[in-house]
file work14.pdb (PDB, C-alpha atoms and all ligand atoms)
MODEL        1
ATOM      1  CA  THR I   1     110.104 111.169 119.308
ATOM      2  CA  LEU I   2     107.392 108.857 118.003
ATOM      3  CA  SER I   3     104.688 110.611 116.033
ATOM      4  CA  PRO I   4     101.047 109.467 116.348
ATOM      5  CA  TYR I   5     101.647 107.488 113.146
ATOM      6  CA  GLY I   6     104.505 105.504 114.653
ATOM      7  CA  VAL I   7     107.168 107.240 112.556
ATOM      8  CA  HIS I   8     110.323 108.252 114.403
ATOM      9  CA  GLN I   9     111.236 111.911 114.181
ATOM     10  CA  LYS I  10     114.345 113.733 115.287
ATOM     11  CA  HIS I  11     113.901 117.396 116.173
ATOM     12  CA  GLY I  12     116.653 119.981 116.353
ATOM     13  CA  GLN I  13     117.209 123.709 116.600
ATOM     14  CA  ILE I  14     119.920 125.071 114.298
ATOM     15  CA  SER I  15     119.549 128.689 115.359
ATOM     16  CA  ASN I  16     116.861 130.899 116.898
ATOM     17  CA  GLN I  17     115.271 131.228 113.494
ATOM     18  CA  ARG I  18     115.760 127.745 112.058
ATOM     19  CA  ARG I  19     114.185 124.528 113.208
ATOM     20  CA  GLN I  20     114.850 121.126 111.769
ATOM     21  CA  PHE I  21     113.038 117.844 111.912
ATOM     22  CA  SER I  22     114.061 114.692 110.196
ATOM     23  CA  ASN I  23     112.609 111.261 109.536
ATOM     24  CA  THR I  24     114.290 108.364 107.797
ATOM     25  CA  TYR I  25     113.546 109.610 104.289
ATOM     26  CA  ILE I  26     112.398 113.221 104.686
ATOM     27  CA  SER I  27     114.199 116.140 106.272
ATOM     28  CA  VAL I  28     112.617 119.528 106.866
ATOM     29  CA  GLU I  29     114.308 122.791 107.682
ATOM     30  CA  MET I  30     111.903 125.514 108.777
ATOM     31  CA  ASP I  31     113.046 129.132 108.654
ATOM     32  CA  ASP I  32     110.891 131.102 111.090
ATOM     33  CA  ALA I  33     112.212 134.409 109.778
ATOM     34  CA  THR I  34     110.870 133.821 106.261
ATOM     35  CA  GLY I  35     108.048 131.332 106.917
ATOM     36  CA  VAL I  36     109.560 128.945 104.373
ATOM     37  CA  ALA I  37     110.267 125.255 104.951
ATOM     38  CA  VAL I  38     112.652 123.326 102.732
ATOM     39  CA  MET I  39     111.551 119.706 102.549
ATOM     40  CA  LYS I  40     114.079 117.255 101.127
ATOM     41  CA  MET I  41     113.589 113.672 100.029
ATOM     42  CA  LYS I  42     116.585 111.545 101.006
ATOM     43  CA  ARG I  43     116.151 107.930 100.015
ATOM     44  CA  PRO I  44     119.216 106.783  98.051
ATOM     45  CA  PRO I  45     119.870 105.807  95.418
ATOM     46  CA  VAL I  46     116.969 107.431  93.522
ATOM     47  CA  ASN I  47     114.304 108.640  95.998
ATOM     48  CA  SER I  48     111.874 105.990  94.848
ATOM     49  CA  LEU I  49     108.625 106.457  96.731
ATOM     50  CA  ASN I  50     108.040 103.495  99.028
ATOM     51  CA  LEU I  51     105.342 103.147 101.667
ATOM     52  CA  GLU I  52     107.485 104.602 104.425
ATOM     53  CA  LEU I  53     108.632 107.616 102.429
ATOM     54  CA  LEU I  54     105.055 108.379 101.349
ATOM     55  CA  THR I  55     103.878 108.141 104.967
ATOM     56  CA  GLU I  56     106.651 110.393 106.229
ATOM     57  CA  PHE I  57     105.945 112.836 103.414
ATOM     58  CA  ALA I  58     102.276 113.115 104.392
ATOM     59  CA  ILE I  59     103.079 113.500 108.103
ATOM     60  CA  SER I  60     105.730 116.162 107.452
ATOM     61  CA  LEU I  61     103.313 118.160 105.316
ATOM     62  CA  GLU I  62     100.594 117.846 107.924
ATOM     63  CA  LYS I  63     102.984 119.155 110.579
ATOM     64  CA  LEU I  64     103.901 122.145 108.437
ATOM     65  CA  GLU I  65     100.268 122.787 107.539
ATOM     66  CA  ILE I  66      99.347 123.287 111.206
ATOM     67  CA  ASP I  67     102.514 125.277 111.941
ATOM     68  CA  ARG I  68     101.256 128.879 111.999
ATOM     69  CA  GLY I  69     104.733 130.135 111.160
ATOM     70  CA  CYS I  70     104.950 128.177 107.914
ATOM     71  CA  ARG I  71     103.523 129.793 104.773
ATOM     72  CA  GLY I  72     105.389 127.942 102.067
ATOM     73  CA  VAL I  73     107.271 124.737 101.277
ATOM     74  CA  ILE I  74     110.081 124.175  98.816
ATOM     75  CA  LEU I  75     110.129 120.515  97.827
ATOM     76  CA  THR I  76     113.478 119.215  96.633
ATOM     77  CA  SER I  77     115.895 116.291  96.801
ATOM     78  CA  ALA I  78     118.956 115.689  98.938
ATOM     79  CA  ILE I  79     120.259 113.289  96.283
ATOM     80  CA  PRO I  80     122.382 114.731  93.482
ATOM     81  CA  LYS I  81     120.940 114.391  89.963
ATOM     82  CA  ILE I  82     117.673 112.789  91.085
ATOM     83  CA  PHE I  83     114.482 114.528  92.184
ATOM     84  CA  SER I  84     112.519 111.260  92.453
ATOM     85  CA  ALA I  85     112.409 108.068  90.362
ATOM     86  CA  GLY I  86     108.673 107.842  91.079
ATOM     87  CA  LEU I  87     106.927 105.005  92.808
ATOM     88  CA  ASP I  88     109.141 102.281  94.175
ATOM     89  CA  ILE I  89     108.464  99.504  91.684
ATOM     90  CA  THR I  90     109.352  96.847  94.263
ATOM     91  CA  GLU I  91     106.255  97.961  96.227
ATOM     92  CA  MET I  92     104.141  96.941  93.226
ATOM     93  CA  CYS I  93     105.867  93.616  92.497
ATOM     94  CA  GLY I  94     105.482  90.220  94.117
ATOM     95  CA  LYS I  95     103.439  91.455  97.108
ATOM     96  CA  ASN I  96      99.896  90.595  98.198
ATOM     97  CA  ALA I  97      96.662  92.508  97.612
ATOM     98  CA  ASP I  98      96.612  93.963 101.146
ATOM     99  CA  HIS I  99     100.057  95.428 100.617
ATOM    100  CA  TYR I 100      99.125  96.935  97.251
ATOM    101  CA  GLY I 101      96.014  98.483  98.843
ATOM    102  CA  GLU I 102      97.982  99.981 101.725
ATOM    103  CA  PHE I 103     100.620 101.344  99.385
ATOM    104  CA  TRP I 104      98.076 102.973  97.081
ATOM    105  CA  ARG I 105      96.171 104.506 100.001
ATOM    106  CA  ALA I 106      99.422 106.046 101.263
ATOM    107  CA  LEU I 107     100.099 107.520  97.819
ATOM    108  CA  GLN I 108      96.586 108.985  97.669
ATOM    109  CA  GLU I 109      96.985 110.416 101.181
ATOM    110  CA  MET I 110     100.276 112.077 100.352
ATOM    111  CA  TRP I 111      98.808 113.534  97.166
ATOM    112  CA  LEU I 112      95.641 114.858  98.864
ATOM    113  CA  LYS I 113      97.886 116.681 101.363
ATOM    114  CA  LEU I 114     100.344 118.060  98.819
ATOM    115  CA  TYR I 115      97.898 119.063  96.083
ATOM    116  CA  GLY I 116      95.380 120.323  98.642
ATOM    117  CA  SER I 117      97.892 122.250 100.743
ATOM    118  CA  ASN I 118      97.042 125.799 101.818
ATOM    119  CA  MET I 119     100.740 126.642 101.776
ATOM    120  CA  VAL I 120     102.580 127.875  98.707
ATOM    121  CA  THR I 121     104.337 124.803  97.317
ATOM    122  CA  ILE I 122     107.309 125.106  94.976
ATOM    123  CA  ALA I 123     109.089 122.148  93.389
ATOM    124  CA  ALA I 124     112.826 122.715  93.076
ATOM    125  CA  ILE I 125     113.476 119.909  90.595
ATOM    126  CA  ASN I 126     117.185 119.262  90.926
ATOM    127  CA  GLY I 127     117.310 116.058  88.890
ATOM    128  CA  SER I 128     115.317 113.457  86.989
ATOM    129  CA  SER I 129     111.655 113.256  87.801
ATOM    130  CA  PRO I 130     109.780 110.478  86.008
ATOM    131  CA  ALA I 131     106.247 109.223  86.746
ATOM    132  CA  GLY I 132     105.471 109.613  90.478
ATOM    133  CA  GLY I 133     108.325 112.164  90.651
ATOM    134  CA  CYS I 134     106.528 114.204  88.004
ATOM    135  CA  LEU I 135     103.281 113.832  89.977
ATOM    136  CA  LEU I 136     104.969 115.437  93.005
ATOM    137  CA  ALA I 137     106.212 118.336  90.909
ATOM    138  CA  VAL I 138     102.933 118.907  89.066
ATOM    139  CA  SER I 139     101.059 118.914  92.385
ATOM    140  CA  CYS I 140     103.006 121.986  93.526
ATOM    141  CA  ASP I 141     102.044 125.577  92.716
ATOM    142  CA  TYR I 142     105.236 126.288  90.767
ATOM    143  CA  ARG I 143     108.051 124.256  89.201
ATOM    144  CA  ILE I 144     111.686 125.220  88.727
ATOM    145  CA  MET I 145     113.941 122.676  86.991
ATOM    146  CA  ALA I 146     117.718 122.460  86.790
ATOM    147  CA  ASP I 147     119.118 123.095  83.327
ATOM    148  CA  ASN I 148     120.758 119.771  82.531
ATOM    149  CA  LYS I 149     119.730 117.868  79.437
ATOM    150  CA  LYS I 150     120.432 114.554  81.167
ATOM    151  CA  TYR I 151     117.467 115.168  83.466
ATOM    152  CA  THR I 152     113.984 114.247  82.340
ATOM    153  CA  ILE I 153     110.453 114.737  83.610
ATOM    154  CA  GLY I 154     107.127 113.275  82.532
ATOM    155  CA  LEU I 155     104.523 110.591  83.102
ATOM    156  CA  ASN I 156     106.189 107.596  81.457
ATOM    157  CA  GLU I 157     103.924 104.902  82.958
ATOM    158  CA  THR I 158     102.914 103.359  79.630
ATOM    159  CA  GLN I 159     106.591 102.613  78.947
ATOM    160  CA  LEU I 160     106.422 100.264  81.941
ATOM    161  CA  GLY I 161     103.197  98.681  80.656
ATOM    162  CA  ILE I 162     101.123 100.387  83.353
ATOM    163  CA  VAL I 163      98.574 103.183  83.250
ATOM    164  CA  ALA I 164      98.595 106.482  85.137
ATOM    165  CA  PRO I 165      95.348 106.815  87.141
ATOM    166  CA  PHE I 166      92.739 109.502  86.448
ATOM    167  CA  TRP I 167      94.047 111.891  89.083
ATOM    168  CA  PHE I 168      97.588 111.909  87.606
ATOM    169  CA  LYS I 169      95.978 112.540  84.207
ATOM    170  CA  ASP I 170      93.671 115.285  85.515
ATOM    171  CA  ILE I 171      96.435 117.430  86.967
ATOM    172  CA  MET I 172      98.638 116.894  83.937
ATOM    173  CA  THR I 173      95.754 118.057  81.739
ATOM    174  CA  ASP I 174      95.293 121.115  83.942
ATOM    175  CA  THR I 175      98.987 121.879  83.582
ATOM    176  CA  ILE I 176      99.792 121.286  79.895
ATOM    177  CA  GLY I 177      96.358 120.947  78.249
ATOM    178  CA  HIS I 178      94.348 118.066  76.835
ATOM    179  CA  ARG I 179      96.145 117.436  73.555
ATOM    180  CA  ALA I 180      99.657 117.533  75.026
ATOM    181  CA  THR I 181      98.572 115.248  77.886
ATOM    182  CA  GLU I 182      96.951 112.773  75.532
ATOM    183  CA  ARG I 183     100.120 112.448  73.447
ATOM    184  CA  SER I 184     102.424 112.576  76.422
ATOM    185  CA  LEU I 185     100.623 109.897  78.440
ATOM    186  CA  GLU I 186      99.912 107.537  75.564
ATOM    187  CA  LEU I 187     103.559 107.576  74.501
ATOM    188  CA  GLY I 188     104.914 107.713  78.061
ATOM    189  CA  MET I 189     107.032 110.737  77.130
ATOM    190  CA  LEU I 190     109.908 112.048  79.205
ATOM    191  CA  TYR I 191     110.974 115.640  78.484
ATOM    192  CA  SER I 192     114.282 117.445  78.824
ATOM    193  CA  PRO I 193     114.065 120.620  80.941
ATOM    194  CA  THR I 194     113.965 122.802  77.792
ATOM    195  CA  ASP I 195     111.163 120.764  76.228
ATOM    196  CA  ALA I 196     109.284 120.624  79.534
ATOM    197  CA  LEU I 197     109.449 124.420  79.650
ATOM    198  CA  LYS I 198     108.141 124.668  76.059
ATOM    199  CA  ILE I 199     104.994 122.687  76.879
ATOM    200  CA  GLY I 200     104.487 124.372  80.267
ATOM    201  CA  LEU I 201     105.261 121.275  82.332
ATOM    202  CA  VAL I 202     107.761 123.365  84.291
ATOM    203  CA  ASP I 203     107.604 127.123  84.836
ATOM    204  CA  GLU I 204     111.318 127.951  84.802
ATOM    205  CA  VAL I 205     114.610 126.326  83.902
ATOM    206  CA  VAL I 206     117.665 127.699  85.690
ATOM    207  CA  ALA I 207     121.313 126.761  86.242
ATOM    208  CA  GLU I 208     121.703 123.809  88.601
ATOM    209  CA  ASP I 209     123.242 125.914  91.359
ATOM    210  CA  LYS I 210     120.409 128.468  91.155
ATOM    211  CA  VAL I 211     117.450 126.139  91.646
ATOM    212  CA  LEU I 212     117.043 126.717  95.381
ATOM    213  CA  SER I 213     117.771 130.445  95.343
ATOM    214  CA  THR I 214     115.275 130.894  92.494
ATOM    215  CA  ALA I 215     112.696 128.938  94.485
ATOM    216  CA  SER I 216     113.214 131.288  97.445
ATOM    217  CA  ALA I 217     112.853 134.354  95.202
ATOM    218  CA  VAL I 218     109.653 132.986  93.632
ATOM    219  CA  MET I 219     108.327 132.172  97.106
ATOM    220  CA  ALA I 220     108.767 135.822  98.110
ATOM    221  CA  GLN I 221     106.666 136.879  95.076
ATOM    222  CA  TRP I 222     103.867 134.471  96.025
ATOM    223  CA  PHE I 223     104.029 135.663  99.648
ATOM    224  CA  ALA I 224     103.316 139.204  98.469
ATOM    225  CA  VAL I 225      99.706 138.143  97.809
ATOM    226  CA  PRO I 226      97.454 138.039 100.902
ATOM    227  CA  ASP I 227      97.335 134.429 102.113
ATOM    228  CA  HIS I 228      93.547 134.186 102.507
ATOM    229  CA  ALA I 229      92.876 135.367  98.945
ATOM    230  CA  ARG I 230      95.526 133.107  97.437
ATOM    231  CA  GLN I 231      94.350 130.118  99.482
ATOM    232  CA  LEU I 232      90.688 130.547  98.546
ATOM    233  CA  THR I 233      91.653 130.871  94.902
ATOM    234  CA  LYS I 234      93.852 127.760  95.071
ATOM    235  CA  SER I 235      91.053 125.834  96.717
ATOM    236  CA  MET I 236      88.563 126.994  94.057
ATOM    237  CA  MET I 237      90.936 125.812  91.310
ATOM    238  CA  ARG I 238      91.844 122.465  92.883
ATOM    239  CA  LYS I 239      88.698 121.378  94.742
ATOM    240  CA  PRO I 240      87.097 119.520  91.810
ATOM    241  CA  ASN I 241      90.174 117.295  91.378
ATOM    242  CA  LEU I 242      90.479 116.707  95.118
ATOM    243  CA  ASP I 243      86.767 115.908  95.464
ATOM    244  CA  ARG I 244      86.929 113.509  92.557
ATOM    245  CA  LEU I 245      89.609 111.406  94.218
ATOM    246  CA  VAL I 246      87.950 111.593  97.644
ATOM    247  CA  THR I 247      84.657 110.422  96.128
ATOM    248  CA  HIS I 248      86.227 107.591  94.158
ATOM    249  CA  ARG I 249      89.009 106.746  96.583
ATOM    250  CA  GLU I 250      87.985 103.182  97.436
ATOM    251  CA  ALA I 251      87.197 102.354  93.789
ATOM    252  CA  ASP I 252      90.588 103.761  92.785
ATOM    253  CA  ILE I 253      92.325 101.489  95.314
ATOM    254  CA  LYS I 254      90.330  98.489  94.146
ATOM    255  CA  ASN I 255      91.154  99.271  90.554
ATOM    256  CA  PHE I 256      94.868  99.601  91.316
ATOM    257  CA  VAL I 257      94.992  96.359  93.299
ATOM    258  CA  SER I 258      93.195  94.393  90.628
ATOM    259  CA  PHE I 259      95.297  95.890  87.795
ATOM    260  CA  ILE I 260      98.672  95.481  89.466
ATOM    261  CA  SER I 261      97.898  91.918  90.585
ATOM    262  CA  ARG I 262      97.467  90.698  87.002
ATOM    263  CA  ASP I 263     100.142  88.236  85.915
ATOM    264  CA  SER I 264     100.788  90.171  82.704
ATOM    265  CA  ILE I 265     101.368  93.437  84.626
ATOM    266  CA  GLN I 266     103.636  91.745  87.149
ATOM    267  CA  LYS I 267     105.637  90.341  84.241
ATOM    268  CA  SER I 268     105.960  93.796  82.614
ATOM    269  CA  LEU I 269     107.197  95.325  85.856
ATOM    270  CA  GLN I 270     109.713  92.542  86.409
ATOM    271  CA  ILE I 271     111.077  92.985  82.904
ATOM    272  CA  TYR I 272     111.352  96.741  83.465
ATOM    273  CA  MET I 273     113.197  96.251  86.776
ATOM    274  CA  GLU I 274     115.600  93.798  85.134
ATOM    275  CA  MET I 275     116.221  96.311  82.362
ATOM    276  CA  LEU I 276     116.983  99.024  84.950
ATOM    277  CA  LYS I 277     119.371  96.748  86.822
ATOM    278  CA  LYS I 278     121.174  95.664  83.624
ATOM    279  CA  LYS I 279     121.569  99.301  82.577
ATOM    280  CA  GLY I 280     123.160 100.077  85.949
ATOM    281  CA  SER I 281     125.621  97.153  85.930
TER
HETATM  282  C1  LIG S 301      98.299 101.218  87.675
HETATM  283  C2  LIG S 301      99.599 101.612  88.205
HETATM  284  C3  LIG S 301      99.928 103.070  87.992
HETATM  285  C4  LIG S 301     101.010 103.449  88.904
HETATM  286  C5  LIG S 301     101.639 104.769  88.574
HETATM  287  C6  LIG S 301     103.092 104.603  88.612
HETATM  288  C7  LIG S 301     103.901 105.558  88.859
HETATM  289  C8  LIG S 301     105.363 105.353  88.945
HETATM  290  O1  LIG S 301     106.025 106.216  89.459
HETATM  291  S1  LIG S 301     106.089 103.913  88.379
HETATM  292  C9  LIG S 301     107.842 104.191  88.474
HETATM  293  C10 LIG S 301     108.331 104.806  87.207
HETATM  294  N1  LIG S 301     109.702 105.184  87.329
HETATM  295  C11 LIG S 301     110.586 105.045  86.354
HETATM  296  O2  LIG S 301     110.294 104.594  85.277
HETATM  297  C12 LIG S 301     111.969 105.485  86.660
HETATM  298  C13 LIG S 301     112.925 104.347  86.610
HETATM  299  N2  LIG S 301     114.261 104.771  86.936
HETATM  300  C14 LIG S 301     115.055 105.434  86.077
HETATM  301  O3  LIG S 301     114.714 105.767  84.988
HETATM  302  C15 LIG S 301     116.437 105.740  86.556
HETATM  303  O4  LIG S 301     116.709 104.925  87.672
HETATM  304  C16 LIG S 301     116.670 107.210  86.957
HETATM  305  C17 LIG S 301     116.661 108.078  85.685
HETATM  306  C18 LIG S 301     115.628 107.716  87.922
HETATM  307  C19 LIG S 301     118.063 107.338  87.617
HETATM  308  O5  LIG S 301     119.031 106.786  86.783
HETATM  309  P1  LIG S 301     120.467 106.380  87.372
HETATM  310  O6  LIG S 301     120.983 107.468  88.207
HETATM  311  O7  LIG S 301     121.271 105.898  86.221
HETATM  312  O8  LIG S 301     120.155 105.192  88.409
HETATM  313  P2  LIG S 301     119.856 103.657  88.063
HETATM  314  O9  LIG S 301     118.902 103.546  86.935
HETATM  315  O10 LIG S 301     121.149 102.919  87.943
HETATM  316  O11 LIG S 301     119.075 103.201  89.381
HETATM  317  C20 LIG S 301     119.764 102.980  90.605
HETATM  318  C21 LIG S 301     119.060 101.857  91.346
HETATM  319  O12 LIG S 301     117.734 102.279  91.636
HETATM  320  C22 LIG S 301     116.790 101.307  91.132
HETATM  321  N3  LIG S 301     115.576 102.041  90.714
HETATM  322  C23 LIG S 301     115.491 103.035  89.848
HETATM  323  N4  LIG S 301     114.222 103.489  89.761
HETATM  324  C24 LIG S 301     113.487 102.725  90.601
HETATM  325  C25 LIG S 301     112.106 102.701  90.959
HETATM  326  N5  LIG S 301     111.219 103.560  90.432
HETATM  327  N6  LIG S 301     111.699 101.794  91.852
HETATM  328  C26 LIG S 301     112.566 100.912  92.408
HETATM  329  N7  LIG S 301     113.914 100.899  92.108
HETATM  330  C27 LIG S 301     114.350 101.793  91.224
HETATM  331  C28 LIG S 301     117.520 100.683  89.949
HETATM  332  O13 LIG S 301     116.978  99.450  89.637
HETATM  333  C29 LIG S 301     118.932 100.593  90.487
HETATM  334  O14 LIG S 301     118.962  99.499  91.370
HETATM  335  P3  LIG S 301     120.301  98.617  91.539
HETATM  336  O15 LIG S 301     120.672  98.126  90.163
HETATM  337  O16 LIG S 301     119.910  97.504  92.463
HETATM  338  O17 LIG S 301     121.320  99.546  92.110
ENDMDL
END
call {"tool": "encode", "arguments": {"input": "work14.pdb", "output": "structure tokens", "more": "lines below"}}
Ligand SMILES: CCCCC/C=C/C(=O)SCCNC(=O)CCNC(=O)[C@H](O)C(C)(C)COP(=O)(O)OP(=O)(O)OC[C@H]1O[C@@H](n2cnc3c(N)ncnc32)[C@H](O)[C@@H]1OP(=O)(O)O
result
Amino acid sequence: TLSPYGVHQKHGQISNQRRQFSNTYISVEMDDATGVAVMKMKRPPVNSLNLELLTEFAISLEKLEIDRGCRGVILTSAIPKIFSAGLDITEMCGKNADHYGEFWRALQEMWLKLYGSNMVTIAAINGSSPAGGCLLAVSCDYRIMADNKKYTIGLNETQLGIVAPFWFKDIMTDTIGHRATERSLELGMLYSPTDALKIGLVDEVVAEDKVLSTASAVMAQWFAVPDHARQLTKSMMRKPNLDRLVTHREADIKNFVSFISRDSIQKSLQIYMEMLKKKGS
């Protein structure tokens, strides 16, 4: 079917209790018996967040938000060893201002829906999660990361010669505190799961094969609290950050477009992409 946003969706019924819908880059399995949806990113090789994925992400969340049977979402990756490589750098390189603006608006939209969700959101971080990947995780209510020292998480933007916007910084500060955020963002730090746990960037580190089952167990604990009380509390905690982006949304887009269009920034991103490609070859 074609959603109102023009994104193709396939719907399916796995059993009486499980429903599935799938787009190109997002698949969702909704369990009506538990009220939990598992939402998986599936954009090989590294789940980098391009315009289409961000749009599908926002639409999928919106669908779940209005689904009365859905109380919680587990966000994870269908790709082994990678949660998300963050924003697709090719969306920020060699394109025109209109494209940059559209891309940034889609990122904002996805974030407003995820961070502002009434549902319980749990990130099951089953692989590396730099930059925009970390943003996804930090926007959830709870984070569980796979215990593998090869995986890293953090806001490493400065390492690419770019700067995380105020709303990335705000939620990082709310999660790990001002001093740790200052150091972490200025240095563009990426943390192993153990170190991320030490600074409170993730809430739990568990064996790789236990990430999803732990997320389900944690979900059950959060479901034990009456929804209306939890939702009002979440809204009270998060409203200032949401309002700040809504108020400054157009200025934030303008700022991004003007920053990313600079020759020096384009050069930095190209060098970074070349470095990534060389490392892979
Ligand atoms: C004012 C602007 C602020 C904007 C805020 C920005 C937020 C962001 O999210 S910027 C993106 C930051 N992301 C990163 O720095 C991550 C870069 N990627 C990696 O570190 C690694 O790829 C990895 C740890 C995520 C996975 O490593 P590995 O499994 O070894 O895979 P490869 O490095 O070989 O990558 C495979 C393939 O994917 C391409 N690629 C990786 N990340 C990105 C990306 N973010 N965007 C676009 N493409 C990406 C990589 O170049 C390889 O391509 P090929 O060589 O063509 O196969």
call {"tool": "atom_distance", "arguments": {"input": "work14.pdb", "atom1": "CA of Met219 (chain I)", "atom2": "CA of Gln231 (chain I)"}}
result
14.3 Å
call {"tool": "resolve_selection", "arguments": {"input": "work14.pdb", "expression": "the PyMOL selection byres (((chain I and resi 83) around 6) and not hetatm)", "output": "list in words"}}
result
Ser77, Ile82, Ser84, Ile125, Asn126, Gly127, Ser128 and Ser129 of chain I
call {"tool": "write_last_selection", "arguments": {"input": "work14.pdb", "atoms": "C-alpha atoms", "output": "compact mmCIF listing (two decimals), in the coordinates of the input"}}
result
# COMPACT_ATOMS: atom_id res chain seq x y z
CA SER I 77 115.90 116.29 96.80
CA ILE I 82 117.67 112.79 91.08
CA SER I 84 112.52 111.26 92.45
CA ILE I 125 113.48 119.91 90.60
CA ASN I 126 117.18 119.26 90.93
CA GLY I 127 117.31 116.06 88.89
CA SER I 128 115.32 113.46 86.99
CA SER I 129 111.66 113.26 87.80
call {"tool": "atom_distance", "arguments": {"input": "work14.pdb", "atom1": "atom C25 of ligand LIG 301 (chain S)", "atom2": "CA of Ile253 (chain I)"}}
result
20.3 Å
call {"tool": "closest_residue", "arguments": {"input": "work14.pdb", "among": "I:Lys42, I:Arg68, I:Arg105, I:Lys10", "to": "Asp252 (chain I)", "atoms": "only C-alpha atoms"}}
result
I:Arg105
call {"tool": "residues_near_ligand", "arguments": {"input": "work14.pdb", "ligand": "ligand LIG 301 (chain S)", "cutoff": "8 Å", "atoms": "all atoms listed in the file", "output": "PDB file with C-alpha atoms, in the coordinates of the input"}}
result
ATOM      1  CA  PRO I  44     119.216 106.783  98.051  1.00  0.00           C
ATOM      2  CA  PRO I  45     119.870 105.807  95.418  1.00  0.00           C
ATOM      3  CA  VAL I  46     116.969 107.431  93.522  1.00  0.00           C
ATOM      4  CA  SER I  48     111.874 105.990  94.848  1.00  0.00           C
ATOM      5  CA  LEU I  49     108.625 106.457  96.731  1.00  0.00           C
ATOM      6  CA  LYS I  81     120.940 114.391  89.963  1.00  0.00           C
ATOM      7  CA  ILE I  82     117.673 112.789  91.085  1.00  0.00           C
ATOM      8  CA  SER I  84     112.519 111.260  92.453  1.00  0.00           C
ATOM      9  CA  ALA I  85     112.409 108.068  90.362  1.00  0.00           C
ATOM     10  CA  GLY I  86     108.673 107.842  91.079  1.00  0.00           C
ATOM     11  CA  LEU I  87     106.927 105.005  92.808  1.00  0.00           C
ATOM     12  CA  ASP I  88     109.141 102.281  94.175  1.00  0.00           C
ATOM     13  CA  ILE I  89     108.464  99.504  91.684  1.00  0.00           C
ATOM     14  CA  THR I  90     109.352  96.847  94.263  1.00  0.00           C
ATOM     15  CA  GLU I  91     106.255  97.961  96.227  1.00  0.00           C
ATOM     16  CA  SER I 128     115.317 113.457  86.989  1.00  0.00           C
ATOM     17  CA  SER I 129     111.655 113.256  87.801  1.00  0.00           C
ATOM     18  CA  PRO I 130     109.780 110.478  86.008  1.00  0.00           C
ATOM     19  CA  ALA I 131     106.247 109.223  86.746  1.00  0.00           C
ATOM     20  CA  GLY I 132     105.471 109.613  90.478  1.00  0.00           C
ATOM     21  CA  GLY I 133     108.325 112.164  90.651  1.00  0.00           C
ATOM     22  CA  TYR I 151     117.467 115.168  83.466  1.00  0.00           C
ATOM     23  CA  THR I 152     113.984 114.247  82.340  1.00  0.00           C
ATOM     24  CA  LEU I 155     104.523 110.591  83.102  1.00  0.00           C
ATOM     25  CA  ASN I 156     106.189 107.596  81.457  1.00  0.00           C
ATOM     26  CA  GLU I 157     103.924 104.902  82.958  1.00  0.00           C
ATOM     27  CA  GLN I 159     106.591 102.613  78.947  1.00  0.00           C
ATOM     28  CA  LEU I 160     106.422 100.264  81.941  1.00  0.00           C
ATOM     29  CA  ILE I 162     101.123 100.387  83.353  1.00  0.00           C
ATOM     30  CA  VAL I 163      98.574 103.183  83.250  1.00  0.00           C
ATOM     31  CA  ALA I 164      98.595 106.482  85.137  1.00  0.00           C
ATOM     32  CA  PRO I 165      95.348 106.815  87.141  1.00  0.00           C
ATOM     33  CA  ASN I 255      91.154  99.271  90.554  1.00  0.00           C
ATOM     34  CA  PHE I 256      94.868  99.601  91.316  1.00  0.00           C
ATOM     35  CA  PHE I 259      95.297  95.890  87.795  1.00  0.00           C
ATOM     36  CA  ILE I 260      98.672  95.481  89.466  1.00  0.00           C
ATOM     37  CA  MET I 273     113.197  96.251  86.776  1.00  0.00           C
ATOM     38  CA  GLU I 274     115.600  93.798  85.134  1.00  0.00           C
ATOM     39  CA  MET I 275     116.221  96.311  82.362  1.00  0.00           C
ATOM     40  CA  LEU I 276     116.983  99.024  84.950  1.00  0.00           C
ATOM     41  CA  LYS I 277     119.371  96.748  86.822  1.00  0.00           C
ATOM     42  CA  LYS I 278     121.174  95.664  83.624  1.00  0.00           C
ATOM     43  CA  LYS I 279     121.569  99.301  82.577  1.00  0.00           C
ATOM     44  CA  GLY I 280     123.160 100.077  85.949  1.00  0.00           C
ATOM     45  CA  SER I 281     125.621  97.153  85.930  1.00  0.00           C
TER      46      SER I 281
END
call {"tool": "resolve_selection", "arguments": {"input": "work14.pdb", "expression": "the PyMOL selection byres (((chain I and resi 11) around 6) and not hetatm)", "output": "PyMOL selection string"}}
result
chain I and resi 10+12+20-21
call {"tool": "closest_residue", "arguments": {"input": "work14.pdb", "among": "I:Met30, I:Ala97, I:Ile79, I:Leu190", "to": "Val257 (chain I)", "atoms": "only C-alpha atoms"}}
result
I:Ala97
call {"tool": "closest_residue", "arguments": {"input": "work14.pdb", "among": "I:Gln266, I:Ser258, I:Asn118, I:Thr34", "to": "Trp104 (chain I)", "atoms": "only C-alpha atoms"}}
result
I:Ser258
call {"tool": "residues_around", "arguments": {"input": "work14.pdb", "residues": "Asp67 (chain I)", "least_positions_apart": "5", "cutoff": "10 Å", "atoms": "only C-alpha atoms", "output": "PDB file with C-alpha atoms, in the coordinates of the input"}}
result
ATOM      1  CA  MET I  30     111.903 125.514 108.777  1.00  0.00           C
ATOM      2  CA  GLY I  35     108.048 131.332 106.917  1.00  0.00           C
ATOM      3  CA  LEU I  61     103.313 118.160 105.316  1.00  0.00           C
ATOM      4  CA  GLU I  62     100.594 117.846 107.924  1.00  0.00           C
TER       5      GLU I  62
END
call {"tool": "closest_atom_pairs", "arguments": {"input": "work14.pdb", "of": "region 184-267 of chain I", "to": "region 106-116 of chain I", "cutoff": "9 Å", "atoms": "all atoms listed in the file", "output": "tab-separated table"}}
result
residue	atom	partner	partner_atom	distance
I:Lys234	CA	I:Gly116	CA	8.4
I:Ser235	CA	I:Gly116	CA	7.3
I:Arg238	CA	I:Gly116	CA	7.1
I:Lys239	CA	I:Gly116	CA	7.8
I:Leu242	CA	I:Leu112	CA	6.6
I:Leu245	CA	I:Gln108	CA	8.2
I:Val246	CA	I:Leu112	CA	8.4
I:Arg249	CA	I:Gln108	CA	8.0
I:Ile253	CA	I:Gln108	CA	8.9
